[in-house]
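A.B. asks: If it helps, the file is called query.pdb and holds PDB, C-alpha atoms:
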```pdb
ATOM      1  CA  MET A  94     133.478  83.542 131.299
ATOM      2  CA  GLY A  95     136.238  82.323 129.000
ATOM      3  CA  GLU A  96     133.917  79.793 127.360
ATOM      4  CA  ILE A  97     131.274  82.428 126.654
ATOM      5  CA  SER A  98     133.725  84.823 125.011
ATOM      6  CA  ASN A  99     135.173  81.958 122.958
ATOM      7  CA  LEU A 100     131.655  81.133 121.790
ATOM      8  CA  VAL A 101     130.971  84.761 120.853
ATOM      9  CA  MET A 102     134.272  84.997 118.963
ATOM     10  CA  PHE A 103     133.473  81.755 117.160
ATOM     11  CA  LEU A 104     130.014  83.035 116.241
ATOM     12  CA  LEU A 105     131.365  86.380 114.994
ATOM     13  CA  GLU A 106     134.048  84.730 112.893
ATOM     14  CA  TRP A 107     131.504  82.302 111.493
ATOM     15  CA  LEU A 108     129.222  85.227 110.587
ATOM     16  CA  ASN A 109     132.135  87.114 109.049
ATOM     17  CA  GLN A 110     132.406  84.625 106.191
ATOM     18  CA  PHE A 111     129.097  85.812 104.746
ATOM     19  CA  SER A 112     128.750  88.855 102.531
ATOM     20  CA  ALA A 113     127.397  92.087 103.934
ATOM     21  CA  GLU A 114     124.265  91.641 101.889
ATOM     22  CA  THR A 115     123.606  88.189 103.337
ATOM     23  CA  LEU A 116     124.101  89.463 106.873
ATOM     24  CA  VAL A 117     121.764  92.404 106.456
ATOM     25  CA  ILE A 118     119.105  90.269 104.796
ATOM     26  CA  SER A 119     119.300  87.724 107.617
ATOM     27  CA  ALA A 120     118.908  90.462 110.198
ATOM     28  CA  THR A 121     116.148  92.086 108.158
ATOM     29  CA  VAL A 122     113.948  89.029 108.263
ATOM     30  CA  ILE A 123     114.476  88.662 112.012
ATOM     31  CA  GLY A 124     113.765  92.364 112.455
ATOM     32  CA  ALA A 125     110.524  92.049 110.471
ATOM     33  CA  GLY A 126     109.436  89.312 112.848
ATOM     34  CA  LEU A 127     110.413  91.283 115.953
ATOM     35  CA  THR A 128     108.428  94.250 114.695
ATOM     36  CA  MET A 129     105.191  92.297 114.500
ATOM     37  CA  ILE A 130     105.369  91.372 118.184
ATOM     38  CA  ALA A 131     103.779  94.764 118.765
ATOM     39  CA  GLY A 132     100.532  93.197 117.609
ATOM     40  CA  ILE A 133     100.153  91.864 121.135
ATOM     41  CA  GLY A 134      99.073  95.320 122.285
ATOM     42  CA  PRO A 135      96.115  96.117 120.037
ATOM     43  CA  GLY A 136      94.976  92.529 120.444
ATOM     44  CA  ILE A 137      94.695  92.846 124.187
ATOM     45  CA  GLY A 138      93.350  96.400 124.131
ATOM     46  CA  GLN A 139      90.721  95.879 121.464
ATOM     47  CA  GLY A 140      89.640  92.676 123.158
ATOM     48  CA  PHE A 141      89.089  94.577 126.375
ATOM     49  CA  ALA A 142      87.101  97.183 124.426
ATOM     50  CA  ALA A 143      84.984  94.473 122.865
ATOM     51  CA  GLY A 144      84.238  92.974 126.250
ATOM     52  CA  LYS A 145      83.255  96.306 127.752
ATOM     53  CA  GLY A 146      81.149  97.038 124.670
ATOM     54  CA  ALA A 147      79.300  93.772 125.024
ATOM     55  CA  GLU A 148      78.778  94.400 128.723
ATOM     56  CA  ALA A 149      77.455  97.904 128.071
ATOM     57  CA  VAL A 150      75.054  96.680 125.396
ATOM     58  CA  GLY A 151      73.838  94.057 127.824
ATOM     59  CA  LYS A 152      72.994  96.783 130.322
ATOM     60  CA  ASN A 153      71.674  99.376 127.880
ATOM     61  CA  ALA A 154      70.528  97.618 124.728
ATOM     62  CA  GLU A 155      68.682 100.724 123.523
ATOM     63  CA  ASN A 156      72.025 102.579 123.296
ATOM     64  CA  SER A 157      73.780  99.858 121.329
ATOM     65  CA  ASN A 158      74.464 102.118 118.338
ATOM     66  CA  ASN A 159      76.284 104.732 120.431
ATOM     67  CA  ILE A 160      78.167 102.038 122.304
ATOM     68  CA  THR A 161      79.283 100.306 119.126
ATOM     69  CA  LEU A 162      80.350 103.584 117.554
ATOM     70  CA  VAL A 163      82.538 104.591 120.487
ATOM     71  CA  MET A 164      83.941 101.070 120.838
ATOM     72  CA  LEU A 165      84.967 100.947 117.152
ATOM     73  CA  LEU A 166      86.325 104.499 117.194
ATOM     74  CA  GLY A 167      88.518 103.764 120.188
ATOM     75  CA  ALA A 168      89.560 100.406 118.765
ATOM     76  CA  ALA A 169      90.600 102.090 115.503
ATOM     77  CA  VAL A 170      92.958 104.347 117.451
ATOM     78  CA  ALA A 171      94.337 101.322 119.274
ATOM     79  CA  GLU A 172      95.003  99.690 115.911
ATOM     80  CA  THR A 173      97.521 102.307 114.831
ATOM     81  CA  SER A 174     100.505 100.746 116.606
ATOM     82  CA  GLY A 175      99.839  97.509 114.777
ATOM     83  CA  ILE A 176      99.704  99.356 111.463
ATOM     84  CA  PHE A 177     102.995 101.147 112.172
ATOM     85  CA  SER A 178     104.655  97.801 112.845
ATOM     86  CA  LEU A 179     103.170  96.266 109.704
ATOM     87  CA  VAL A 180     104.464  99.184 107.637
ATOM     88  CA  VAL A 181     107.976  98.878 109.090
ATOM     89  CA  ALA A 182     107.936  95.109 108.488
ATOM     90  CA  LEU A 183     106.842  95.619 104.865
ATOM     91  CA  ILE A 184     109.527  98.281 104.393
ATOM     92  CA  LEU A 185     112.094  95.830 105.750
ATOM     93  CA  LEU A 186     110.923  93.078 103.407
ATOM     94  CA  TYR A 187     110.226  94.947 100.181
ATOM     95  CA  SER A 188     111.971  98.285 100.311
ATOM     96  CA  ASN A 189     114.920  97.867 102.662
ATOM     97  CA  PRO A 190     117.211 100.876 102.291
ATOM     98  CA  LEU A 191     120.041  99.109 104.097
ATOM     99  CA  ILE A 192     120.583  96.437 101.452
ATOM    100  CA  GLY A 193     123.289  97.301  98.962
ATOM    101  CA  LEU A 194     124.824 100.072 101.039
ATOM    102  CA  GLU A 195     128.579 100.281 101.270
ATOM    103  CA  ALA A 196     129.170  99.702 104.963
ATOM    104  CA  ALA A 197     130.159  97.033 107.456
ATOM    105  CA  GLY A 198     127.704  94.152 107.244
ATOM    106  CA  PHE A 199     127.404  93.956 111.016
ATOM    107  CA  VAL A 200     126.360  97.592 111.338
ATOM    108  CA  LEU A 201     123.688  97.186 108.675
ATOM    109  CA  ALA A 202     122.458  93.959 110.237
ATOM    110  CA  ALA A 203     122.316  95.400 113.726
ATOM    111  CA  SER A 204     120.449  98.447 112.449
ATOM    112  CA  ALA A 205     117.780  96.223 110.980
ATOM    113  CA  LEU A 206     117.550  94.359 114.297
ATOM    114  CA  GLY A 207     117.412  97.601 116.268
ATOM    115  CA  ALA A 208     114.589  98.916 114.110
ATOM    116  CA  GLY A 209     112.595  95.755 114.749
ATOM    117  CA  LEU A 210     113.274  95.841 118.492
ATOM    118  CA  ALA A 211     112.205  99.476 118.765
ATOM    119  CA  MET A 212     108.802  98.785 117.245
ATOM    120  CA  ILE A 213     107.989  96.324 120.051
ATOM    121  CA  ALA A 214     107.092  99.432 122.033
ATOM    122  CA  GLY A 215     103.801  99.434 120.135
ATOM    123  CA  ILE A 216     102.511  96.923 122.658
ATOM    124  CA  GLY A 217     101.989  99.711 125.171
ATOM    125  CA  PRO A 218      99.745 102.142 123.293
ATOM    126  CA  GLY A 219      97.790  99.181 121.939
ATOM    127  CA  ILE A 220      96.876  97.997 125.418
ATOM    128  CA  GLY A 221      96.323 101.446 126.884
ATOM    129  CA  GLN A 222      94.252 102.874 124.064
ATOM    130  CA  GLY A 223      92.130  99.734 124.009
ATOM    131  CA  TYR A 224      91.452 100.140 127.715
ATOM    132  CA  ALA A 225      90.383 103.729 127.077
ATOM    133  CA  ALA A 226      88.097 102.576 124.271
ATOM    134  CA  GLY A 227      86.452 100.074 126.595
ATOM    135  CA  LYS A 228      85.864 102.612 129.345
ATOM    136  CA  GLY A 229      84.531 105.114 126.805
ATOM    137  CA  ALA A 230      82.072 102.572 125.429
ATOM    138  CA  GLU A 231      81.019 101.680 128.973
ATOM    139  CA  ARG A 232      80.237 105.257 129.965
ATOM    140  CA  VAL A 233      78.459 106.048 126.717
ATOM    141  CA  GLY A 234      76.184 103.101 127.431
ATOM    142  CA  SER A 235      75.206 104.654 130.761
ATOM    143  CA  ARG A 236      75.068 108.251 129.560
ATOM    144  CA  PRO A 237      74.613 108.469 125.810
ATOM    145  CA  GLU A 238      73.768 112.171 126.111
ATOM    146  CA  TYR A 239      77.409 112.785 127.114
ATOM    147  CA  GLN A 240      78.813 110.937 124.125
ATOM    148  CA  GLY A 241      80.588 113.958 122.608
ATOM    149  CA  LEU A 242      82.335 114.837 125.837
ATOM    150  CA  ILE A 243      83.284 111.267 126.653
ATOM    151  CA  VAL A 244      84.709 110.697 123.179
ATOM    152  CA  ARG A 245      86.707 113.931 123.326
ATOM    153  CA  VAL A 246      88.370 112.995 126.594
ATOM    154  CA  MET A 247      88.961 109.437 125.383
ATOM    155  CA  LEU A 248      90.659 110.652 122.174
ATOM    156  CA  LEU A 249      92.718 113.250 124.032
ATOM    157  CA  GLY A 250      94.021 110.619 126.409
ATOM    158  CA  GLN A 251      94.646 108.147 123.594
ATOM    159  CA  ALA A 252      96.638 110.755 121.681
ATOM    160  CA  VAL A 253      98.902 111.239 124.693
ATOM    161  CA  GLY A 254      99.294 107.466 124.998
ATOM    162  CA  GLN A 255     100.397 107.249 121.374
ATOM    163  CA  THR A 256     103.529 109.354 121.907
ATOM    164  CA  THR A 257     105.985 106.645 122.923
ATOM    165  CA  GLY A 258     104.820 104.561 119.967
ATOM    166  CA  ILE A 259     105.676 107.506 117.712
ATOM    167  CA  TYR A 260     109.096 107.855 119.342
ATOM    168  CA  ALA A 261     109.811 104.189 118.621
ATOM    169  CA  LEU A 262     108.673 104.596 115.016
ATOM    170  CA  VAL A 263     110.959 107.629 114.612
ATOM    171  CA  VAL A 264     113.968 105.729 115.985
ATOM    172  CA  ALA A 265     113.215 102.779 113.701
ATOM    173  CA  LEU A 266     112.961 105.069 110.672
ATOM    174  CA  ILE A 267     116.200 106.826 111.678
ATOM    175  CA  LEU A 268     117.965 103.443 111.833
ATOM    176  CA  LEU A 269     116.613 102.573 108.392
ATOM    177  CA  PHE A 270     116.727 105.827 106.452
ATOM    178  CA  ALA A 271     119.025 108.253 108.263
ATOM    179  CA  ASN A 272     121.478 105.947 109.976
ATOM    180  CA  PRO A 273     124.285 107.952 111.587
ATOM    181  CA  PHE A 274     126.636 104.969 111.632
ATOM    182  CA  LEU A 275     126.878 104.616 107.867
ATOM    183  CA  GLY A 276     128.998 106.555 105.431
TER     184      GLY A 276
ATOM    185  CA  MET B 125     135.323  93.373 111.051
ATOM    186  CA  SER B 126     136.769  96.294 112.941
ATOM    187  CA  GLY B 127     136.105  96.978 116.583
ATOM    188  CA  GLU B 128     134.442 100.241 115.665
ATOM    189  CA  ALA B 129     131.945  98.472 113.442
ATOM    190  CA  LEU B 130     131.058  96.079 116.248
ATOM    191  CA  ILE B 131     130.481  98.968 118.646
ATOM    192  CA  GLN B 132     128.298 100.733 116.111
ATOM    193  CA  ALA B 133     126.354  97.533 115.525
ATOM    194  CA  ALA B 134     125.815  97.062 119.241
ATOM    195  CA  SER B 135     124.738 100.709 119.532
ATOM    196  CA  ALA B 136     122.042 100.195 116.936
ATOM    197  CA  ILE B 137     120.709  97.206 118.845
ATOM    198  CA  GLY B 138     120.903  99.161 122.088
ATOM    199  CA  ALA B 139     118.932 102.043 120.619
ATOM    200  CA  GLY B 140     116.196  99.638 119.609
ATOM    201  CA  LEU B 141     116.140  97.995 123.023
ATOM    202  CA  ALA B 142     115.874 101.382 124.743
ATOM    203  CA  MET B 143     112.662 102.222 122.904
ATOM    204  CA  ILE B 144     110.916  99.143 124.313
ATOM    205  CA  ALA B 145     110.407 101.271 127.432
ATOM    206  CA  GLY B 146     107.615 102.967 125.549
ATOM    207  CA  ILE B 147     105.396 100.011 126.336
ATOM    208  CA  GLY B 148     104.904 101.283 129.869
ATOM    209  CA  ALA B 149     103.844 104.801 129.055
ATOM    210  CA  GLY B 150     101.516 103.508 126.380
ATOM    211  CA  ILE B 151      99.698 101.200 128.768
ATOM    212  CA  GLY B 152      99.619 103.643 131.658
ATOM    213  CA  GLN B 153      98.472 106.702 129.737
ATOM    214  CA  GLY B 154      95.812 104.625 128.032
ATOM    215  CA  PHE B 155      94.541 103.550 131.441
ATOM    216  CA  ALA B 156      94.448 107.204 132.495
ATOM    217  CA  ALA B 157      92.519 108.084 129.357
ATOM    218  CA  GLY B 158      89.959 105.412 130.124
ATOM    219  CA  LYS B 159      89.457 106.475 133.707
ATOM    220  CA  GLY B 160      89.245 110.105 132.562
ATOM    221  CA  ALA B 161      86.534 109.265 130.055
ATOM    222  CA  GLU B 162      84.719 107.293 132.755
ATOM    223  CA  ALA B 163      84.870 110.137 135.263
ATOM    224  CA  VAL B 164      83.676 112.687 132.737
ATOM    225  CA  GLY B 165      80.792 110.414 131.852
ATOM    226  CA  LYS B 166      79.738 110.409 135.489
ATOM    227  CA  GLN B 167      80.380 114.105 136.239
ATOM    228  CA  PRO B 168      80.544 116.168 133.045
ATOM    229  CA  GLU B 169      80.434 119.435 134.969
ATOM    230  CA  ALA B 170      83.861 118.586 136.432
ATOM    231  CA  GLN B 171      85.361 118.084 132.983
ATOM    232  CA  GLY B 172      88.035 120.782 133.314
ATOM    233  CA  VAL B 173      89.606 119.539 136.517
ATOM    234  CA  ILE B 174      89.283 115.911 135.408
ATOM    235  CA  VAL B 175      91.154 116.509 132.169
ATOM    236  CA  ARG B 176      93.791 118.611 133.913
ATOM    237  CA  THR B 177      94.468 115.872 136.427
ATOM    238  CA  MET B 178      94.543 113.243 133.708
ATOM    239  CA  LEU B 179      97.082 115.195 131.649
ATOM    240  CA  LEU B 180      99.221 115.962 134.688
ATOM    241  CA  GLY B 181      99.408 112.284 135.586
ATOM    242  CA  ALA B 182     100.024 111.301 131.972
ATOM    243  CA  ALA B 183     102.924 113.762 131.787
ATOM    244  CA  VAL B 184     104.531 112.074 134.789
ATOM    245  CA  ALA B 185     104.018 108.680 133.134
ATOM    246  CA  GLU B 186     105.716 109.951 129.991
ATOM    247  CA  THR B 187     109.042 110.557 131.721
ATOM    248  CA  THR B 188     110.549 107.081 131.482
ATOM    249  CA  GLY B 189     109.560 106.938 127.819
ATOM    250  CA  ILE B 190     111.475 110.181 127.287
ATOM    251  CA  TYR B 191     114.477 108.745 129.127
ATOM    252  CA  GLY B 192     114.442 105.790 126.728
ATOM    253  CA  LEU B 193     114.243 108.121 123.736
ATOM    254  CA  VAL B 194     117.124 110.247 125.052
ATOM    255  CA  ILE B 195     119.351 107.199 125.502
ATOM    256  CA  ALA B 196     118.480 105.945 122.017
ATOM    257  CA  LEU B 197     119.280 109.344 120.488
ATOM    258  CA  ILE B 198     122.546 109.527 122.437
ATOM    259  CA  LEU B 199     123.526 106.107 121.104
ATOM    260  CA  LEU B 200     122.706 107.216 117.583
ATOM    261  CA  PHE B 201     123.945 110.789 117.397
ATOM    262  CA  ALA B 202     126.230 111.479 120.370
ATOM    263  CA  ASN B 203     127.726 108.089 121.062
ATOM    264  CA  PRO B 204     130.537 108.379 123.630
ATOM    265  CA  PHE B 205     132.125 105.156 122.419
ATOM    266  CA  VAL B 206     132.316 105.769 118.683
TER     267      VAL B 206
END
```
Go through the file and emit its structure as structure tokens.
C.D. replies:
Amino acid sequence: MGEISNLVMFLLEWLNQFSAETLVISATVIGAGLTMIAGIGPGIGQGFAAGKGAEAVGKNAENSNNITLVMLLGAAVAETSGIFSLVVALILLYSNPLIGLEAAGFVLAASALGAGLAMIAGIGPGIGQGYAAGKGAERVGSRPEYQGLIVRVMLLGQAVGQTTGIYALVVALILLFANPFLG
Amino acid sequence: MSGEALIQAASAIGAGLAMIAGIGAGIGQGFAAGKGAEAVGKQPEAQGVIVRTMLLGAAVAETTGIYGLVIALILLFANPFV
């Protein structure tokens, strides 16, 4: 245990030699990378939707237009988590509000890291909404006359699934733009 | 660097980590949405009870995501250590 705390102290003292701006920039670039990990979710979810869409078209080729429409609609919803993460990453890189603030460099740096970590939650809605898109496309292939109803239920469920992604976005934006630890 | 600054820094990281819990609710509620759409496609006349059940289950799935949000907000705005 003593060796670990010595290592941490050494690391902190080594970091302390850098200016606050350098520390927050270093954390910003790591945070931008962490944010993009959320792309895992839409990738998996939309892939599932594509597979179910292909399967449905194979079974009901005459309904391929309906199937494709529902698949793309659901996939577009699943994309949103990826877009949120991209926006936060671009904010961190090009419009970082934490750079240049008068505050402890470590607090600024950790806030940038925390914002990036929070956005990883986007994995969840991406996977879940993509699954919903796939099931919606599948059912529309079997019963195109129920398309309106199926899409409504799919979108309702996807909206509920989005909530934790929104929470994470709010926490990230709080850490960036309304940080309670500064000032 | 003061001790207070280190605690604040760690709190920011902790708040971010807490939100990662949202992954679960996102996946689970999306699965519920898919099965709900599937069931409605098979039995549209049962739409009301299907949607009600789906939303009830999704509300239960939301709870751990709310817990994560509460902890993150506590760390940010009502931190017992700062």
A.B. asks: Pick out the chain B residues within 9 Å of chain A. Count only C-alpha atoms. Give them as a VMD selection string.
C.D. replies: chain B and resid 125 to 126 129 to 166 168 171 175 178 to 179 182 to 183 186 189 to 190 193 196 to 197 200 to 201
A.B. asks: Quote the spacing between atom CA of A:Leu269 and atom CA of A:Val181 in Å to one decimal place.
C.D. replies: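 Calculated distance between atom CA of A:Leu269 and atom CA of A:Val181 is 9.4 Å.
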A.B. asks: For each of B:Gly181, B:Thr188, B:Glu128, B:Val173, take the minimum atom-to-atom distance to B:Val206, counting all atoms listed in the file, then give the residue where this is smallest.
C.D. replies: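 When distances to B:Val206 are compared using all atoms listed in the file, the smallest one comes from B:Glu128.
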A.B. asks: Expressed in Å to a single decimal, how great is the separation between atom CA of A:Ala142 and atom CA of A:Ala168?
C.D. replies: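 Atom CA of A:Ala168 lies at a distance of 7.0 Å from atom CA of A:Ala142.
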A.B. asks: For atom CA of A:Val122 and atom CA of A:Ile176, determine how far apart the two atoms are, in Å to one decimal place.
C.D. replies: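 Between these atoms lies a distance of 17.9 Å.
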A.B. asks: For A:Gly136, which of A:Glu195, A:Glu148, A:Glu96, A:Glu172 is the closest residue, counting only C-alpha atoms?
C.D. replies: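 Of A:Glu195, A:Glu148, A:Glu96, A:Glu172, the one nearest A:Gly136, counting only C-alpha atoms, is A:Glu172.
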A.B. asks: Using 8 Å of padding on each side, determine the axis-aligned box around all atoms of stretch 106-116 of chain A present in the file and give its centre and edge lengths in Å to one decimal, as JSON.
C.D. replies:
```
{"center_x": 128.8, "center_y": 87.2, "center_z": 107.4, "size_x": 26.4, "size_y": 25.8, "size_z": 27.0}
```
A.B. asks: Can you work out which one of A:Ala149, A:Ile130, A:Ile192, A:Ile118 has the shortest atom-to-atom distance to A:Phe177, counting all atoms listed in the file?
C.D. replies: A:Ile130
